[in-house]
Every structure is written in C-alpha cells, then in structure tokens.
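So this one's protein09.cif, mmCIF, C-alpha atoms (C1' of nucleotides) and all ligand atoms:
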```cif
data_coords
#
loop_
_atom_site.label_atom_id
_atom_site.label_comp_id
_atom_site.auth_asym_id
_atom_site.auth_seq_id
_atom_site.Cartn_x
_atom_site.Cartn_y
_atom_site.Cartn_z
CA MET A 1 -149.48 195.51 16.77
CA LEU A 2 -148.98 195.47 13.04
CA ASP A 3 -150.14 191.94 12.34
CA GLN A 4 -153.84 191.70 11.68
CA LYS A 5 -154.04 187.96 11.13
CA PRO A 6 -151.55 185.98 13.15
CA ASN A 7 -149.46 183.71 10.97
CA LYS A 8 -150.50 180.13 10.87
CA THR A 9 -148.07 177.80 12.52
CA GLU A 10 -146.37 174.95 10.80
CA ASP A 11 -148.49 172.62 12.91
CA GLN A 12 -151.64 174.20 11.55
CA HIS A 13 -150.41 173.68 8.03
CA THR A 14 -149.50 170.12 8.88
CA ASP A 15 -153.04 169.50 10.06
CA LEU A 16 -154.46 171.14 6.95
CA LEU A 17 -152.39 168.98 4.64
CA ARG A 18 -153.25 165.83 6.52
CA GLN A 19 -156.94 166.62 6.14
CA PHE A 20 -156.42 166.22 2.42
CA HIS A 21 -154.22 163.14 2.74
CA LEU A 22 -151.13 165.05 1.70
CA ARG A 23 -147.97 164.33 3.63
CA PRO A 24 -146.65 167.46 5.31
CA THR A 25 -143.30 167.49 3.58
CA ARG A 26 -140.83 170.34 3.96
CA GLN A 27 -141.62 171.54 0.46
CA ARG A 28 -145.39 171.52 0.87
CA LEU A 29 -145.15 173.24 4.24
CA ALA A 30 -142.93 175.94 2.79
CA LEU A 31 -145.40 176.58 -0.02
CA ALA A 32 -148.37 176.52 2.35
CA ASP A 33 -146.58 179.14 4.41
CA LEU A 34 -146.09 181.36 1.36
CA LEU A 35 -149.62 180.82 0.10
CA PHE A 36 -151.84 180.67 3.15
CA ASN A 37 -150.30 183.27 5.44
CA GLY A 38 -151.08 186.89 4.81
CA PRO A 39 -153.63 188.22 2.38
CA CYS A 40 -155.10 186.36 -0.58
CA ARG A 41 -152.81 186.07 -3.55
CA HIS A 42 -152.81 185.40 -7.27
CA VAL A 43 -149.51 183.80 -7.94
CA SER A 44 -147.75 181.86 -10.68
CA ALA A 45 -145.43 178.88 -10.31
CA GLU A 46 -142.52 181.01 -11.45
CA GLN A 47 -143.26 183.67 -8.83
CA LEU A 48 -143.22 181.04 -6.12
CA ARG A 49 -139.95 179.67 -7.45
CA LEU A 50 -138.40 183.10 -7.00
CA GLU A 51 -139.85 183.50 -3.54
CA THR A 52 -138.60 180.15 -2.32
CA LYS A 53 -135.21 180.78 -3.88
CA ASN A 54 -134.97 184.20 -2.20
CA LYS A 55 -135.80 182.63 1.13
CA GLY A 56 -133.08 180.03 0.63
CA ILE A 57 -135.59 177.23 0.36
CA ASN A 58 -134.45 174.56 -2.08
CA MET A 59 -137.23 173.17 -4.19
CA SER A 60 -137.45 172.04 -7.77
CA LEU A 61 -139.83 173.75 -10.14
CA ALA A 62 -141.49 170.39 -10.75
CA THR A 63 -142.34 170.18 -7.07
CA ILE A 64 -143.84 173.64 -7.17
CA TYR A 65 -146.05 172.60 -10.08
CA ASN A 66 -146.91 169.30 -8.44
CA THR A 67 -147.85 171.01 -5.22
CA LEU A 68 -149.88 173.77 -6.83
CA ASN A 69 -151.78 171.20 -8.86
CA GLN A 70 -152.40 169.03 -5.81
CA PHE A 71 -153.58 172.02 -3.77
CA THR A 72 -155.88 172.95 -6.64
CA LYS A 73 -157.26 169.44 -6.88
CA VAL A 74 -158.26 169.37 -3.22
CA GLY A 75 -159.74 172.86 -3.41
CA LEU A 76 -157.12 174.87 -1.55
CA LEU A 77 -156.42 176.93 -4.67
CA HIS A 78 -158.26 178.08 -7.73
CA GLU A 79 -156.70 178.16 -11.19
CA ILE A 80 -157.03 181.24 -13.39
CA ASN A 81 -155.82 181.69 -16.96
CA LEU A 82 -155.58 185.04 -18.64
CA ASP A 83 -153.94 186.80 -21.52
CA ASN A 84 -150.42 185.53 -21.31
CA ASN A 85 -150.86 181.78 -21.18
CA VAL A 86 -149.47 181.62 -17.68
CA THR A 87 -151.48 179.85 -15.00
CA TYR A 88 -152.20 181.84 -11.86
CA PHE A 89 -153.27 180.22 -8.62
CA ASP A 90 -155.77 182.09 -6.51
CA THR A 91 -155.63 181.54 -2.77
CA ASN A 92 -159.14 182.90 -2.51
CA THR A 93 -161.33 179.90 -3.30
CA ASP A 94 -164.61 181.67 -2.64
CA HIS A 95 -166.77 182.42 -5.64
CA HIS A 96 -165.64 185.94 -6.49
CA HIS A 97 -164.70 188.20 -9.39
CA HIS A 98 -161.65 190.12 -10.57
CA PHE A 99 -160.24 193.32 -11.87
CA PHE A 100 -157.45 192.52 -14.29
CA ASP A 101 -154.71 194.88 -15.41
CA PRO A 102 -153.29 193.53 -18.67
CA LYS A 103 -150.23 195.76 -18.38
CA THR A 104 -149.01 194.15 -15.17
CA ASN A 105 -151.01 190.91 -15.33
CA LYS A 106 -152.19 191.66 -11.81
CA LEU A 107 -155.54 190.55 -10.45
CA ILE A 108 -157.60 192.25 -7.75
CA ASP A 109 -160.42 190.45 -6.02
CA ILE A 110 -163.98 191.69 -6.18
CA PRO A 111 -166.32 190.12 -3.62
CA ARG A 112 -169.08 188.07 -5.17
CA ASP A 113 -171.85 190.33 -3.87
CA ALA A 114 -170.23 193.51 -5.19
CA ILE A 115 -171.56 192.63 -8.63
CA SER A 116 -175.21 191.88 -9.21
CA LEU A 117 -175.78 189.40 -11.97
CA ASN A 118 -179.48 189.02 -12.53
CA ALA A 119 -181.34 187.35 -15.31
CA LEU A 120 -178.53 185.23 -16.57
CA PRO A 121 -179.37 183.36 -19.77
CA ASP A 122 -180.24 179.69 -19.44
CA ALA A 123 -177.45 177.21 -19.90
CA PRO A 124 -177.54 175.40 -23.24
CA ASP A 125 -179.38 172.09 -23.31
CA GLY A 126 -177.60 169.34 -21.47
CA HIS A 127 -175.49 171.73 -19.43
CA ASP A 128 -175.63 173.39 -16.06
CA VAL A 129 -174.00 176.56 -14.84
CA GLU A 130 -170.93 175.64 -12.85
CA ARG A 131 -169.71 179.12 -12.04
CA VAL A 132 -169.90 182.66 -13.34
CA ASP A 133 -166.71 184.67 -13.64
CA VAL A 134 -166.69 188.39 -14.21
CA ILE A 135 -163.40 189.88 -15.31
CA ILE A 136 -163.25 193.65 -15.38
CA ARG A 137 -160.39 194.44 -17.69
CA LEU A 138 -158.61 197.66 -16.77
CA SER A 139 -156.71 200.14 -18.88
CA MET B 140 -182.45 179.22 -50.35
CA LEU B 141 -180.28 177.79 -47.61
CA ASP B 142 -177.71 180.55 -47.41
CA GLN B 143 -178.71 183.30 -45.04
CA LYS B 144 -175.68 185.54 -45.46
CA PRO B 145 -174.17 185.38 -48.92
CA ASN B 146 -170.47 184.57 -48.83
CA LYS B 147 -168.17 187.50 -49.13
CA THR B 148 -166.22 187.56 -52.33
CA GLU B 149 -162.47 187.55 -52.54
CA ASP B 150 -162.71 191.14 -53.75
CA GLN B 151 -164.53 192.13 -50.61
CA HIS B 152 -161.84 190.56 -48.49
CA THR B 153 -159.22 192.30 -50.59
CA ASP B 154 -160.86 195.62 -49.85
CA LEU B 155 -161.12 194.80 -46.18
CA LEU B 156 -157.44 193.94 -45.92
CA ARG B 157 -156.40 197.04 -47.82
CA GLN B 158 -158.37 199.16 -45.38
CA PHE B 159 -155.96 197.98 -42.72
CA HIS B 160 -152.88 198.32 -44.92
CA LEU B 161 -152.47 194.57 -45.16
CA ARG B 162 -151.58 193.22 -48.58
CA PRO B 163 -154.21 190.79 -49.81
CA THR B 164 -151.94 187.79 -50.14
CA ARG B 165 -153.21 184.33 -51.01
CA GLN B 166 -152.68 183.22 -47.44
CA ARG B 167 -154.47 186.14 -45.83
CA LEU B 168 -157.36 185.86 -48.28
CA ALA B 169 -157.71 182.15 -47.56
CA LEU B 170 -157.82 182.81 -43.82
CA ALA B 171 -160.25 185.71 -44.22
CA ASP B 172 -162.48 183.37 -46.17
CA LEU B 173 -162.40 180.79 -43.37
CA LEU B 174 -162.86 183.38 -40.65
CA PHE B 175 -165.23 185.97 -42.02
CA ASN B 176 -167.67 183.90 -44.02
CA GLY B 177 -170.39 182.06 -42.20
CA PRO B 178 -171.27 182.43 -38.55
CA CYS B 179 -169.02 183.83 -35.84
CA ARG B 180 -166.32 181.47 -34.68
CA HIS B 181 -163.94 180.86 -31.80
CA VAL B 182 -160.97 179.20 -33.39
CA SER B 183 -157.38 178.31 -32.56
CA ALA B 184 -154.36 178.52 -34.83
CA GLU B 185 -154.14 174.76 -34.88
CA GLN B 186 -157.77 174.41 -35.94
CA LEU B 187 -157.16 176.75 -38.84
CA ARG B 188 -154.07 174.81 -39.81
CA LEU B 189 -156.21 171.69 -40.11
CA GLU B 190 -158.89 173.49 -42.09
CA THR B 191 -156.44 174.94 -44.58
CA LYS B 192 -154.70 171.60 -44.91
CA ASN B 193 -158.00 169.83 -45.56
CA LYS B 194 -158.88 172.35 -48.24
CA GLY B 195 -155.53 171.78 -49.89
CA ILE B 196 -154.32 175.27 -49.09
CA ASN B 197 -150.61 175.35 -48.37
CA MET B 198 -149.68 177.66 -45.55
CA SER B 199 -147.12 177.47 -42.79
CA LEU B 200 -148.22 177.54 -39.19
CA ALA B 201 -146.09 180.64 -38.65
CA THR B 202 -148.15 182.45 -41.27
CA ILE B 203 -151.34 181.43 -39.53
CA TYR B 204 -150.03 182.87 -36.28
CA ASN B 205 -148.74 185.99 -38.02
CA THR B 206 -152.07 186.56 -39.71
CA LEU B 207 -154.18 185.93 -36.64
CA ASN B 208 -152.03 188.33 -34.65
CA GLN B 209 -152.23 190.97 -37.37
CA PHE B 210 -155.99 190.59 -37.67
CA THR B 211 -156.23 190.92 -33.90
CA LYS B 212 -154.07 194.03 -33.86
CA VAL B 213 -156.28 195.84 -36.36
CA GLY B 214 -159.45 194.76 -34.57
CA LEU B 215 -160.76 192.11 -36.93
CA LEU B 216 -160.44 189.45 -34.23
CA HIS B 217 -160.54 189.25 -30.47
CA GLU B 218 -158.19 187.09 -28.45
CA ILE B 219 -159.54 184.83 -25.71
CA ASN B 220 -157.55 182.68 -23.31
CA LEU B 221 -159.09 180.02 -21.19
CA ASP B 222 -158.24 176.92 -19.21
CA ASN B 223 -155.90 175.14 -21.52
CA ASN B 224 -153.30 177.73 -22.40
CA VAL B 225 -154.39 177.78 -26.02
CA THR B 226 -155.29 181.09 -27.61
CA TYR B 227 -158.68 181.29 -29.28
CA PHE B 228 -159.57 183.98 -31.78
CA ASP B 229 -163.11 185.29 -31.73
CA THR B 230 -164.52 186.56 -35.01
CA ASN B 231 -167.18 188.41 -33.05
CA THR B 232 -165.48 191.63 -32.04
CA ASP B 233 -168.55 193.17 -30.46
CA HIS B 234 -168.54 193.48 -26.71
CA HIS B 235 -170.26 190.27 -25.69
CA HIS B 236 -170.07 187.39 -23.23
CA HIS B 237 -169.58 183.63 -23.32
CA PHE B 238 -170.70 180.28 -22.16
CA PHE B 239 -167.67 178.04 -21.82
CA ASP B 240 -167.69 174.26 -21.69
CA PRO B 241 -164.41 173.14 -20.13
CA LYS B 242 -164.92 169.57 -21.34
CA THR B 243 -164.83 170.53 -25.01
CA ASN B 244 -163.18 173.94 -24.72
CA LYS B 245 -166.04 175.33 -26.78
CA LEU B 246 -167.35 178.86 -26.45
CA ILE B 247 -170.86 180.07 -27.16
CA ASP B 248 -171.61 183.75 -27.59
CA ILE B 249 -173.99 185.58 -25.29
CA PRO B 250 -175.14 188.97 -26.61
CA ARG B 251 -174.02 191.85 -24.46
CA ASP B 252 -177.53 192.87 -23.50
CA ALA B 253 -178.53 189.37 -22.44
CA ILE B 254 -176.71 189.97 -19.17
CA SER B 255 -177.44 192.99 -17.03
CA LEU B 256 -174.43 194.20 -15.13
CA ASN B 257 -175.46 197.02 -12.88
CA ALA B 258 -173.58 198.71 -10.11
CA LEU B 259 -170.15 197.57 -11.09
CA PRO B 260 -167.48 198.51 -8.56
CA ASP B 261 -165.31 201.50 -9.39
CA ALA B 262 -162.03 200.82 -11.10
CA PRO B 263 -159.00 201.11 -8.79
CA ASP B 264 -157.30 204.50 -8.69
CA GLY B 265 -155.44 205.34 -11.85
CA HIS B 266 -157.34 202.83 -13.93
CA ASP B 267 -160.37 202.81 -16.18
CA VAL B 268 -162.64 199.97 -17.15
CA GLU B 269 -161.67 198.77 -20.58
CA ARG B 270 -164.14 195.94 -20.93
CA VAL B 271 -166.19 193.57 -18.82
CA ASP B 272 -166.15 189.89 -19.66
CA VAL B 273 -168.61 187.44 -18.22
CA ILE B 274 -167.75 183.79 -18.61
CA ILE B 275 -170.44 181.34 -17.64
CA ARG B 276 -168.64 178.12 -17.01
CA LEU B 277 -170.75 175.08 -17.83
CA SER B 278 -170.69 171.58 -16.44
"C1'" DA C 279 -143.26 193.45 -69.89
"C1'" DA C 280 -139.08 193.76 -66.96
"C1'" DC C 281 -137.40 195.83 -62.68
"C1'" DC C 282 -137.21 197.01 -58.00
"C1'" DC C 283 -138.24 197.38 -53.34
"C1'" DT C 284 -140.39 195.95 -49.51
"C1'" DA C 285 -143.85 193.14 -47.29
"C1'" DT C 286 -144.75 188.57 -46.61
"C1'" DT C 287 -144.05 183.70 -46.28
"C1'" DT C 288 -141.47 179.81 -44.96
"C1'" DA C 289 -138.90 175.89 -42.64
"C1'" DA C 290 -136.44 175.43 -39.00
"C1'" DA C 291 -134.76 176.67 -34.67
"C1'" DA C 292 -135.69 178.86 -30.41
"C1'" DT C 293 -138.43 180.08 -26.46
"C1'" DC C 294 -141.49 179.47 -22.73
"C1'" DG C 295 -144.62 177.39 -19.57
"C1'" DT C 296 -145.70 173.03 -18.05
"C1'" DT C 297 -145.58 167.92 -17.61
"C1'" DC C 298 -143.28 163.51 -17.67
"C1'" DT C 299 -139.66 160.09 -16.46
"C1'" DA C 300 -137.15 157.37 -13.66
"C1'" DA C 301 -134.02 157.42 -10.04
"C1'" DA C 302 -133.09 159.11 -5.31
"C1'" DC C 303 -135.03 160.35 -1.07
"C1'" DT C 304 -138.15 160.78 3.05
"C1'" DG C 305 -142.13 160.47 5.95
"C1'" DC C 306 -144.48 157.11 8.32
"C1'" DT C 307 -145.86 152.55 9.98
"C1'" DT C 308 -144.40 148.24 11.85
"C1'" DA D 309 -134.10 149.53 12.29
"C1'" DA D 310 -136.49 148.05 8.17
"C1'" DG D 311 -139.62 148.52 4.56
"C1'" DC D 312 -142.77 150.69 1.68
"C1'" DA D 313 -145.39 153.99 -0.57
"C1'" DG D 314 -145.45 158.73 -1.31
"C1'" DT D 315 -142.59 162.53 -2.69
"C1'" DT D 316 -138.90 165.07 -4.71
"C1'" DT D 317 -135.64 165.83 -8.22
"C1'" DA D 318 -132.86 166.81 -12.52
"C1'" DG D 319 -133.41 166.53 -16.76
"C1'" DA D 320 -135.81 165.33 -20.83
"C1'" DA D 321 -139.96 165.95 -23.26
"C1'" DC D 322 -143.92 168.40 -24.70
"C1'" DG D 323 -147.10 171.73 -26.88
"C1'" DA D 324 -148.10 176.37 -28.09
"C1'" DT D 325 -146.13 180.27 -29.86
"C1'" DT D 326 -142.39 183.32 -31.58
"C1'" DT D 327 -138.16 184.25 -33.88
"C1'" DT D 328 -134.73 183.79 -37.49
"C1'" DA D 329 -132.95 184.42 -41.82
"C1'" DA D 330 -133.50 183.14 -46.42
"C1'" DA D 331 -136.80 182.70 -50.32
"C1'" DT D 332 -140.89 184.51 -52.45
"C1'" DA D 333 -144.45 187.50 -54.07
"C1'" DG D 334 -147.19 192.14 -54.22
"C1'" DG D 335 -147.46 196.21 -56.28
"C1'" DG D 336 -145.65 200.24 -57.90
"C1'" DT D 337 -142.38 202.37 -61.64
"C1'" DT D 338 -140.23 202.47 -65.91
MN MN A 401 -153.14 172.70 -14.01
MN MN A 402 -151.15 187.11 -29.42
ZN ZN A 403 -159.11 186.14 -6.70
ZN ZN A 404 -167.46 185.25 -28.82
#
```

Show me this structure written as structure tokens.
Amino acid sequence: MLDQKPNKTEDQHTDLLRQFHLRPTRQRLALADLLFNGPCRHVSAEQLRLETKNKGINMSLATIYNTLNQFTKVGLLHEINLDNNVTYFDTNTDHHHHFFDPKTNKLIDIPRDAISLNALPDAPDGHDVERVDVIIRLS
Amino acid sequence: MLDQKPNKTEDQHTDLLRQFHLRPTRQRLALADLLFNGPCRHVSAEQLRLETKNKGINMSLATIYNTLNQFTKVGLLHEINLDNNVTYFDTNTDHHHHFFDPKTNKLIDIPRDAISLNALPDAPDGHDVERVDVIIRLS
DNA sequence: AACCCTATTTAAAATCGTTCTAAACTGCTT
DNA sequence: AAGCAGTTTAGAACGATTTTAAATAGGGTT
C-alpha cells in the first residue's frame, strides 16, 4: 500500500509517444519511465545518464539530449536554466513557480496559485506576455 | 544639454575600485567606463569583448571574465542566466525584475515596486528567502 | 629614480555542457 | 523477408568559461 500513483506501463508510454509521432524505442521508453513515473522532477541530462547507467540501461548521452529536446519540443517537458549553465528539464509542464537553492541547484515546485501576481506591468510595445516565472532564491 | 547623467571620471572609477581593494588597472578602468557610465545594462562577456575591440582597447577575454567575476563578487554587478547558457551581467544591482525576450535574449528592467508580490509561500525548513526574481517572458 | 613584491594580465590549453556528423541499427510498413 | 525512414551511436566539434604558467604592471619603499 505504499504506492500512491501506480506506475505507468510501458504500453501507456508507447501510446503517449505515438501521440506525438515519436517511435517508442527502447531508449525513449526507458527515459519516459524515469521521467514520467513517480513525482515531478527537475533533472539534467547528466543526471539521467547516471540513472540509466546505474540501471544497466545502455544509452548514449547524445540520445539522452536528443530525447529530452524532443520531449521538450512536444510539450512533455519544460526547460529551465539557472545559475550554473546546466539545462534542467521539468516534468511539471503546468505554469508554476519555483524555490531554488543555489547551494544544491535543487528546484522545488510552487503551484501557480500559491503566488498572487497582480498588476503586472504592460508588455513593451510589439510584445505579449508569454509566461511569468517567479524564482524564489533560497539561502 | 543632451547628457542627463554626467559621465563618471576615471578618478571616480579609481576610487570605486580602491574601495573594493581592486587595483585600478587600465583594463578594469576601461570596463568600468563601459559598464558604469550611461544607463543600466545587461551585457555578456562576449559583448564587452566586441566593445573594447571596437574602441581599440586591447584586453584578453580572460581578463574580461576575471573582471566581471570580481565585480560580481564585490556587488558591483549581478549575474543572470537565461535560456541560452550565456551569463549576462546586470549593472543594476538593486532588487528588481525583468522582461525577457527570448528571440533577442534582451532583458528590460522592471522596478521592484512595479510588481506586487504578496503572500509568498514560506521558505522550506532550514532555508530563508534570499531574493525573489520575476521574469516576464515575452513573445 | 631604481627596486621589489605581489596583483594582474595574457595566450594558450583545458574543461564542461551540449550539438553535430556520418555510419550503424531498428521499428514499422509492405 | 525486404526496404525505408527514423533513431541511435561514438566520436568529433562547438561555444562559453576557467585554468595555467609565464610576462607585465601597480604601488609601495628606499
Ligand atoms: Mn535545448
Ligand atoms: Mn560566474
Ligand atoms: Zn517545476
Ligand atoms: Zn536588470
């Protein structure tokens, strides 16, 4: 009775990938398993390389980058860049905010409605607001 | 009558650098001139390399990085990292926010009090809030 | 001024995260 | 089974930044 959310099956991931016209290859399924089972994550390519390696899954780093970029392009992931010039991929694609601990480079989600942003300034001429990100930097 | 803020003299920059125990070398004075005269800027090392080159100032890229990092350490600049894994240095060190145009990678300052952030969530246990950054991403 | 010591600058190499290349492989349709 | 496009791969390449170690230049002392 410990599992809150049952793990998604490989078939479910296969369906998901097909929805985005991505072939359900072994590599993409393995990464989908790491990314989309369990709680939301903020993860770098290098972290995923270690995780696949530790699980005995063989996959080149280029494939990890390719896959993360493809998942991002179709909207399954969100890219975040912070202090250290390393790209993190957020499995939570809802519009939300973050605590950020610069010591550990860890991110913690803040639900969108936990921060009230009223009276935002108007976007400069010729531009629209695409998204508002609040980063609460911790010490 | 076009100049609002008179340019700071080299002597003023010399004093400023000495306050932070940085020797007023030719290179640091040249960069201080580019950074701290005129309006606030968000500038990369590479941009400064071009500006110094165009002005006929000889300076290695390593020195530009060294200087920007030293200025940042003493609080004369603020570091900002965004989409493209290039570090930008903000000459406005006040607590403020930004519009960001991902097409041009340009930042526009938003004064701190132009955005009301009330009822922020509490920092996680063992942490304090160091700073809150709002980035309004434009399209 | 000449001297000295240390901070600073420099060119070049190194590092690091990420992307590109081109060849091998694999999922899928026929 | 064959064929083809999509995918993976190792390795090279890339771009931003840091490090190295040698040369230079501030700034104090005589
Ligand atoms: Mn990317
Ligand atoms: Mn830095
Ligand atoms: Zn998140
Ligand atoms: Zn700014």

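The gap separating atom CA of Ile80 of chain A from atom CA of Arg23 of chain A is 25.6 Å, in Å to one decimal.
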
**Message:** I need the contact residues of chain D against chain A, so if you could list those with any atom within 9 Å, counting all atoms listed in the file, and return them as a VMD selection string, that would help.
**Reply:** chain D and resid 314 to 318

Please report as a tab-separated table every residue of chain C lying within 9 Å of chain B, along with the nearest atom pair and their distance in Å (one decimal), using only C-alpha atoms (C1' of nucleotides).
```
residue	atom	partner	partner_atom	distance
C:DA285	C1'	B:Arg162	CA	7.8
C:DT286	C1'	B:Thr164	CA	8.0
C:DT287	C1'	B:Thr202	CA	6.6
C:DT288	C1'	B:Ser199	CA	6.5
C:DA289	C1'	B:Ser199	CA	8.4
```

**Asked** What separation in Å, quoted to one decimal, exists between atom CA of Leu189 of chain B and atom CA of Tyr204 of chain B?
**Response**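 Atom-to-atom, atom CA of Leu189 of chain B to atom CA of Tyr204 of chain B, that is 13.3 Å.
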
**Message:** Taking only C-alpha atoms into account and nothing else, which residues of chain A lie no more than 8 Å away from chain B? Please answer as a PyMOL selection string.
**Reply:** chain A and resi 80-87+99+114-121+123+127-139

Quick one: write out the picked residues with C-alpha atoms as a CSV table (one decimal), in the frame of the given file?
```csv
chain,number,residue,atom,x,y,z
A,80,ILE,CA,-157.0,181.2,-13.4
A,81,ASN,CA,-155.8,181.7,-17.0
A,82,LEU,CA,-155.6,185.0,-18.6
A,83,ASP,CA,-153.9,186.8,-21.5
A,84,ASN,CA,-150.4,185.5,-21.3
A,85,ASN,CA,-150.9,181.8,-21.2
A,86,VAL,CA,-149.5,181.6,-17.7
A,87,THR,CA,-151.5,179.8,-15.0
A,99,PHE,CA,-160.2,193.3,-11.9
A,114,ALA,CA,-170.2,193.5,-5.2
A,115,ILE,CA,-171.6,192.6,-8.6
A,116,SER,CA,-175.2,191.9,-9.2
A,117,LEU,CA,-175.8,189.4,-12.0
A,118,ASN,CA,-179.5,189.0,-12.5
A,119,ALA,CA,-181.3,187.4,-15.3
A,120,LEU,CA,-178.5,185.2,-16.6
A,121,PRO,CA,-179.4,183.4,-19.8
A,123,ALA,CA,-177.4,177.2,-19.9
A,127,HIS,CA,-175.5,171.7,-19.4
A,128,ASP,CA,-175.6,173.4,-16.1
A,129,VAL,CA,-174.0,176.6,-14.8
A,130,GLU,CA,-170.9,175.6,-12.8
A,131,ARG,CA,-169.7,179.1,-12.0
A,132,VAL,CA,-169.9,182.7,-13.3
A,133,ASP,CA,-166.7,184.7,-13.6
A,134,VAL,CA,-166.7,188.4,-14.2
A,135,ILE,CA,-163.4,189.9,-15.3
A,136,ILE,CA,-163.2,193.6,-15.4
A,137,ARG,CA,-160.4,194.4,-17.7
A,138,LEU,CA,-158.6,197.7,-16.8
A,139,SER,CA,-156.7,200.1,-18.9
```

**Message:** From the options B:Leu187, B:Ile203, B:Leu246, B:Leu216, which residue's atoms come nearest to Arg167 of chain B, counting all atoms listed in the file?
**Reply:** B:Ile203

Test item: residues lying within 7 Å of ligand ZN 403 (chain A) with all atoms listed in the file, as a compact mmCIF listing (two decimals) with C-alpha atoms, in the frame of the given file:
```txt
# COMPACT_ATOMS: atom_id res chain seq x y z
CA HIS A 42 -152.81 185.40 -7.27
CA ASP A 90 -155.77 182.09 -6.51
CA THR A 91 -155.63 181.54 -2.77
CA ASN A 92 -159.14 182.90 -2.51
CA HIS A 96 -165.64 185.94 -6.49
CA HIS A 97 -164.70 188.20 -9.39
CA HIS A 98 -161.65 190.12 -10.57
CA LEU A 107 -155.54 190.55 -10.45
CA ILE A 108 -157.60 192.25 -7.75
CA ASP A 109 -160.42 190.45 -6.02
```

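One finds atom CA of Pro39 of chain A at 29.6 Å from atom C1' of DT297 of chain C.
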
**Request:** List every protein, DNA or RNA residue that has at least one atom no more than 12 Å from (-146.8, 178.0, 11.7) in the file's coordinates, counting only C-alpha atoms (C1' of nucleotides), and write the result as a PyMOL selection string.
**Result:** chain A and resi 6-16+29-34+36-37

Completion step: segment 185-192 of chain B with all heavy atoms as a tab-separated table (two decimals), in the frame of the given file:
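Result went into part15.tsv, see below:
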```
chain	number	residue	atom	x	y	z
B	185	GLU	N	-154.26	176.16	-34.47
B	185	GLU	CA	-154.14	174.76	-34.88
B	185	GLU	C	-155.38	174.30	-35.65
B	185	GLU	O	-155.27	173.57	-36.64
B	185	GLU	CB	-153.91	173.89	-33.64
B	185	GLU	CG	-153.69	172.43	-33.92
B	185	GLU	CD	-152.53	172.16	-34.86
B	185	GLU	OE1	-151.58	173.01	-34.91
B	185	GLU	OE2	-152.54	171.15	-35.56
B	186	GLN	N	-156.54	174.74	-35.21
B	186	GLN	CA	-157.77	174.41	-35.94
B	186	GLN	C	-157.72	174.95	-37.36
B	186	GLN	O	-158.09	174.26	-38.32
B	186	GLN	CB	-158.99	174.99	-35.23
B	186	GLN	CG	-159.44	174.19	-34.01
B	186	GLN	CD	-160.43	174.97	-33.15
B	186	GLN	OE1	-161.17	175.82	-33.65
B	186	GLN	NE2	-160.43	174.68	-31.86
B	187	LEU	N	-157.25	176.17	-37.50
B	187	LEU	CA	-157.16	176.75	-38.84
B	187	LEU	C	-156.13	176.03	-39.70
B	187	LEU	O	-156.30	175.88	-40.91
B	187	LEU	CB	-156.82	178.24	-38.75
B	187	LEU	CG	-157.98	179.12	-38.30
B	187	LEU	CD1	-157.51	180.54	-38.04
B	187	LEU	CD2	-159.09	179.11	-39.35
B	188	ARG	N	-155.06	175.55	-39.06
B	188	ARG	CA	-154.07	174.81	-39.81
B	188	ARG	C	-154.70	173.55	-40.40
B	188	ARG	O	-154.48	173.22	-41.58
B	188	ARG	CB	-152.89	174.42	-38.92
B	188	ARG	CG	-151.65	173.98	-39.69
B	188	ARG	CD	-150.59	173.45	-38.75
B	188	ARG	NE	-151.05	172.30	-38.03
B	188	ARG	CZ	-151.12	171.06	-38.53
B	188	ARG	NH1	-150.73	170.83	-39.76
B	188	ARG	NH2	-151.57	170.07	-37.78
B	189	LEU	N	-155.53	172.88	-39.60
B	189	LEU	CA	-156.21	171.69	-40.11
B	189	LEU	C	-157.17	172.05	-41.25
B	189	LEU	O	-157.24	171.35	-42.26
B	189	LEU	CB	-156.97	170.99	-38.99
B	189	LEU	CG	-156.08	170.31	-37.94
B	189	LEU	CD1	-156.92	169.73	-36.81
B	189	LEU	CD2	-155.24	169.22	-38.61
B	190	GLU	N	-157.90	173.11	-41.07
B	190	GLU	CA	-158.89	173.49	-42.09
B	190	GLU	C	-158.22	173.86	-43.41
B	190	GLU	O	-158.68	173.46	-44.48
B	190	GLU	CB	-159.74	174.66	-41.60
B	190	GLU	CG	-160.64	174.28	-40.44
B	190	GLU	CD	-161.53	175.43	-40.00
B	190	GLU	OE1	-161.82	176.34	-40.81
B	190	GLU	OE2	-161.94	175.43	-38.81
B	191	THR	N	-157.14	174.60	-43.33
B	191	THR	CA	-156.44	174.94	-44.58
B	191	THR	C	-155.86	173.69	-45.21
B	191	THR	O	-155.97	173.49	-46.42
B	191	THR	CB	-155.32	175.97	-44.32
B	191	THR	OG1	-154.49	175.51	-43.25
B	191	THR	CG2	-155.88	177.32	-43.95
B	192	LYS	N	-155.28	172.84	-44.38
B	192	LYS	CA	-154.70	171.60	-44.91
B	192	LYS	C	-155.77	170.77	-45.62
B	192	LYS	O	-155.57	170.29	-46.74
B	192	LYS	CB	-154.10	170.80	-43.75
B	192	LYS	CG	-153.25	169.62	-44.17
B	192	LYS	CD	-152.93	168.76	-42.96
B	192	LYS	CE	-151.48	168.27	-42.98
B	192	LYS	NZ	-151.16	167.51	-41.75
```
